[in-house]
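Engineer: Just one file: query-v5.cif, with mmCIF, C-alpha atoms and all ligand atoms.
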data_entry
#
loop_
_atom_site.label_atom_id
_atom_site.label_comp_id
_atom_site.auth_asym_id
_atom_site.auth_seq_id
_atom_site.Cartn_x
_atom_site.Cartn_y
_atom_site.Cartn_z
CA MET A 200 0.18 7.65 -13.80
CA GLU A 201 -1.87 10.88 -13.42
CA ASP A 202 -4.84 9.49 -15.43
CA GLU A 203 -4.73 6.28 -13.45
CA LEU A 204 -4.80 8.26 -10.21
CA GLU A 205 -7.68 10.42 -11.41
CA GLN A 206 -9.67 7.30 -12.26
CA PHE A 207 -8.83 5.78 -8.86
CA ARG A 208 -10.05 8.92 -7.05
CA GLY A 209 -13.45 8.52 -8.71
CA LEU A 210 -14.05 5.07 -7.21
CA SER A 211 -16.08 4.39 -4.06
CA LEU A 212 -14.05 3.41 -0.98
CA LEU A 213 -15.05 -0.24 -1.43
CA LEU A 214 -13.88 -0.25 -5.05
CA GLN A 215 -10.69 1.56 -4.04
CA HIS A 216 -10.07 -1.29 -1.61
CA ARG A 217 -10.52 -3.86 -4.36
CA ALA A 218 -8.20 -1.93 -6.66
CA LEU A 219 -5.53 -1.57 -3.95
CA VAL A 220 -5.69 -5.23 -2.91
CA GLY A 221 -5.50 -6.23 -6.60
CA ARG A 222 -2.33 -4.15 -6.94
CA LEU A 223 -0.87 -5.84 -3.89
CA ASP A 224 -1.65 -9.24 -5.44
CA ALA A 225 0.27 -8.13 -8.54
CA ILE A 226 3.22 -6.93 -6.44
CA GLU A 227 3.35 -10.21 -4.50
CA SER A 228 3.20 -12.24 -7.74
CA ALA A 229 6.00 -10.12 -9.19
CA ILE A 230 8.11 -10.68 -6.06
CA ALA A 231 7.56 -14.45 -6.31
CA ALA A 232 8.42 -14.42 -10.04
CA CYS A 233 11.59 -12.42 -9.35
CA GLN A 234 12.65 -14.73 -6.56
CA SER A 235 12.48 -17.75 -8.83
CA SER A 236 14.38 -15.94 -11.61
CA GLU A 237 18.07 -15.44 -12.32
CA LEU A 238 17.74 -11.65 -12.21
CA SER A 239 20.18 -9.54 -10.21
CA ASP A 240 18.91 -7.63 -7.17
CA ALA A 241 19.02 -4.39 -9.17
CA GLU A 242 17.02 -5.93 -12.04
CA MET A 243 14.43 -7.28 -9.63
CA ALA A 244 14.13 -3.89 -7.93
CA ASP A 245 13.73 -2.29 -11.36
CA ARG A 246 10.92 -4.69 -12.21
CA LEU A 247 9.04 -4.18 -8.93
CA LEU A 248 9.38 -0.40 -8.70
CA PRO A 249 6.70 0.71 -11.20
CA LEU A 250 4.08 -1.49 -9.50
CA LEU A 251 5.08 -0.31 -6.05
CA ARG A 252 5.23 3.35 -7.10
CA SER A 253 1.77 3.21 -8.60
CA PHE A 254 0.41 1.56 -5.44
CA ALA A 255 2.09 4.07 -3.11
CA ALA A 256 0.92 7.01 -5.25
CA ALA A 257 -2.73 5.99 -4.73
CA LEU A 258 -2.47 5.79 -0.95
CA PRO A 259 -2.67 9.50 -0.03
CA ALA A 260 -5.87 9.87 -2.11
CA HIS A 261 -7.36 6.77 -0.52
CA PHE A 262 -6.52 7.77 3.04
CA ALA A 263 -7.76 11.33 2.48
CA ALA A 264 -11.08 9.98 1.14
CA GLU A 265 -11.38 7.73 4.18
CA SER A 266 -10.65 10.58 6.58
CA ARG A 267 -13.38 12.68 4.95
CA SER A 268 -15.80 9.77 5.16
CA SER A 269 -14.85 9.05 8.80
CA ALA A 270 -15.30 12.69 9.79
CA SER A 271 -18.85 12.71 8.45
CA LEU A 272 -19.66 9.28 9.93
CA LEU A 273 -18.36 10.30 13.34
CA ARG A 274 -20.51 13.45 13.31
CA ASP A 275 -23.70 11.40 13.55
CA CYS A 276 -22.29 8.34 15.27
CA SER A 277 -23.90 7.17 18.50
CA ASP A 278 -21.92 3.91 18.76
CA PRO A 279 -18.72 4.50 20.77
CA GLU A 280 -17.25 1.13 19.75
CA PHE A 281 -17.66 1.94 16.04
CA ALA A 282 -16.20 5.42 16.60
CA ARG A 283 -13.20 3.96 18.45
CA ALA A 284 -12.51 1.35 15.75
CA LEU A 285 -12.80 3.97 12.99
CA ALA A 286 -10.43 6.36 14.78
CA GLU A 287 -7.94 3.56 15.38
CA LEU A 288 -7.95 2.60 11.69
CA ASP A 289 -7.55 6.21 10.57
CA GLY A 290 -4.65 6.49 13.00
CA GLN A 291 -2.81 3.69 11.18
CA HIS A 292 -2.68 5.62 7.86
CA PRO A 293 0.52 7.63 8.45
CA ARG A 294 2.49 4.54 9.44
CA LEU A 295 1.21 2.52 6.48
CA LEU A 296 2.02 5.34 4.06
CA ALA A 297 5.51 5.75 5.55
CA ALA A 298 6.16 1.99 5.24
CA PHE A 299 5.32 1.91 1.51
CA GLU A 300 7.16 5.16 0.77
CA GLY A 301 10.14 3.69 2.62
CA SER A 302 9.96 0.59 0.40
CA VAL A 303 9.92 2.77 -2.74
CA THR A 304 13.05 4.57 -1.51
CA GLN A 305 14.82 1.32 -0.67
CA LEU A 306 13.98 -0.37 -3.97
CA ALA A 307 14.91 2.78 -5.91
CA ALA A 308 18.32 2.66 -4.21
CA CYS A 309 18.64 -1.00 -5.26
CA ALA A 310 17.49 -0.35 -8.83
CA SER A 311 20.05 2.39 -9.33
CA ALA A 312 22.96 0.24 -8.09
CA SER A 313 25.13 0.17 -11.22
CA SER A 314 27.07 -2.88 -10.05
CA GLY A 315 23.85 -4.87 -9.84
CA VAL A 316 24.49 -5.27 -6.12
CA CYS A 317 22.33 -3.17 -3.78
CA HIS A 318 23.86 -1.06 -1.07
CA VAL A 319 20.81 -1.58 1.10
CA SER A 320 19.98 -5.23 1.56
CA PHE A 321 17.51 -6.22 -1.15
CA GLU A 322 16.33 -9.16 0.94
CA GLN A 323 15.70 -6.88 3.89
CA ALA A 324 13.83 -4.41 1.66
CA ILE A 325 11.61 -7.20 0.32
CA ALA A 326 10.99 -8.58 3.82
CA GLU A 327 9.91 -5.11 4.99
CA LEU A 328 7.72 -4.66 1.92
CA LEU A 329 6.00 -8.01 2.54
CA THR A 330 5.38 -7.01 6.17
CA ALA A 331 3.85 -3.71 5.02
CA ILE A 332 1.67 -5.59 2.51
CA GLY A 333 0.42 -7.91 5.26
CA GLU A 334 -0.38 -4.96 7.52
CA PHE A 335 -2.16 -3.13 4.74
CA ARG A 336 -4.25 -6.19 3.87
CA SER A 337 -5.41 -6.62 7.46
CA HIS A 338 -6.10 -2.87 7.76
CA GLU A 339 -8.33 -2.96 4.68
CA ALA A 340 -10.02 -6.20 5.78
CA ARG A 341 -10.89 -4.58 9.14
CA GLU A 342 -12.33 -1.57 7.34
CA ASP A 343 -14.40 -3.77 5.03
CA ALA A 344 -15.68 -5.72 8.04
CA LEU A 345 -16.54 -2.51 9.89
CA PHE A 346 -18.66 -1.25 7.01
CA ALA A 347 -20.22 -4.60 6.24
CA ASP A 348 -22.03 -4.55 9.61
FE FE A 401 -7.81 2.98 5.96
FE FE A 402 -8.97 1.62 3.20
#
Please express the file's structure as structure tokens.

Structural biologist:
Amino acid sequence: MEDELEQFRGLSLLLQHRALVGRLDAIESAIAACQSSELSDAEMADRLLPLLRSFAAALPAHFAAESRSSASLLRDCSDPEFARALAELDGQHPRLLAAFEGSVTQLAACASASSGVCHVSFEQAIAELLTAIGEFRSHEAREDALFAD
């Protein structure tokens, strides 16, 4: 995972976005495949965890790179609307990170359930993960739109 993270850090912000959204596509496909399978909740959690862990591990590097870029953009920014939008997006990072880290914790609890039955509700964990994925996608889309102008 360390090599993968190192490689990710070397990408431009735009390419990091593509990589992150691609990982979310893979997570959503895996969720759909699990849901149409006969796997137990614990087996599904076990299958989803590596993908989710690798996604969540890339987030701090991505958000830190964006904060550095925002700080330098804001230094020479004369457009208050752009500055406000950028600050608002940067302000969403802690909540997004916490949501995905929370999903890792919940799925890890499910995966380690020896009975195959999760103590936290697997369905609830997946619903929260899908909400976080939707929020992250719209966050990234707003950033892409901001920089496309
Ligand atoms: Fe961001
Ligand atoms: Fe981003």

Engineer: Anything within 9 Å of (-0.3, 9.1, -7.8): list those residues as a PyMOL selection string, counting only C-alpha atoms and sticking to the file's coordinates.

Structural biologist: chain A and resi 200-205+252-260

Engineer: Would you mind listing the residues within 8 Å of ligand FE 401 (chain A), counting all atoms listed in the file, as a list in words?

Structural biologist: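 My answer, listing the contacting residues, is His261, Phe262, Glu265, Leu288, Asp289, Gln291, His292, His338, Glu339 and Glu342 of chain A.
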
Engineer: Those same residues, written as a PDB file, in the frame of the given file with C-alpha atoms?

Structural biologist:
ATOM      1  CA  HIS A 261      -7.360   6.770  -0.520  1.00  0.00           C
ATOM      2  CA  PHE A 262      -6.520   7.770   3.040  1.00  0.00           C
ATOM      3  CA  GLU A 265     -11.380   7.730   4.180  1.00  0.00           C
ATOM      4  CA  LEU A 288      -7.950   2.600  11.690  1.00  0.00           C
ATOM      5  CA  ASP A 289      -7.550   6.210  10.570  1.00  0.00           C
ATOM      6  CA  GLN A 291      -2.810   3.690  11.180  1.00  0.00           C
ATOM      7  CA  HIS A 292      -2.680   5.620   7.860  1.00  0.00           C
ATOM      8  CA  HIS A 338      -6.100  -2.870   7.760  1.00  0.00           C
ATOM      9  CA  GLU A 339      -8.330  -2.960   4.680  1.00  0.00           C
ATOM     10  CA  GLU A 342     -12.330  -1.570   7.340  1.00  0.00           C
TER      11      GLU A 342
END

Engineer: List the residues sitting within 12 Å of (16.9, -7.2, -8.1) in the file's frame, using all atoms listed in the file, as a ChimeraX atom specification.

Structural biologist: /A:229-248,305-322,324-325

Engineer: Between A:Ala297, A:Leu273, A:Leu213, A:Ala263, single out the one closest to Phe346 of chain A, counting only C-alpha atoms.

Structural biologist: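 That would be A:Leu213, the residue with the smallest distance to Phe346 of chain A.
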
Engineer: Between atom CA of Val303 of chain A and atom CA of Ala344 of chain A, what is the distance, to one decimal in Å?

Structural biologist: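 Distance between the two atoms: 29.0 Å.
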
Engineer: Can you tell me how far atom CA of Gly221 of chain A sits from atom CA of Leu272 of chain A, in Å to one decimal?

Structural biologist: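 That distance, rounded to one decimal, is 26.7 Å.
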
Engineer: Would you kindly return, as a ChimeraX atom specification, each protein, DNA or RNA residue with an atom no farther than 10 Å from any atom of Ile332 of chain A, considering only C-alpha atoms and excluding same-chain residues fewer than 2 positions away?

Structural biologist: /A:220,223-224,226-227,295,298-299,326-330,334-338
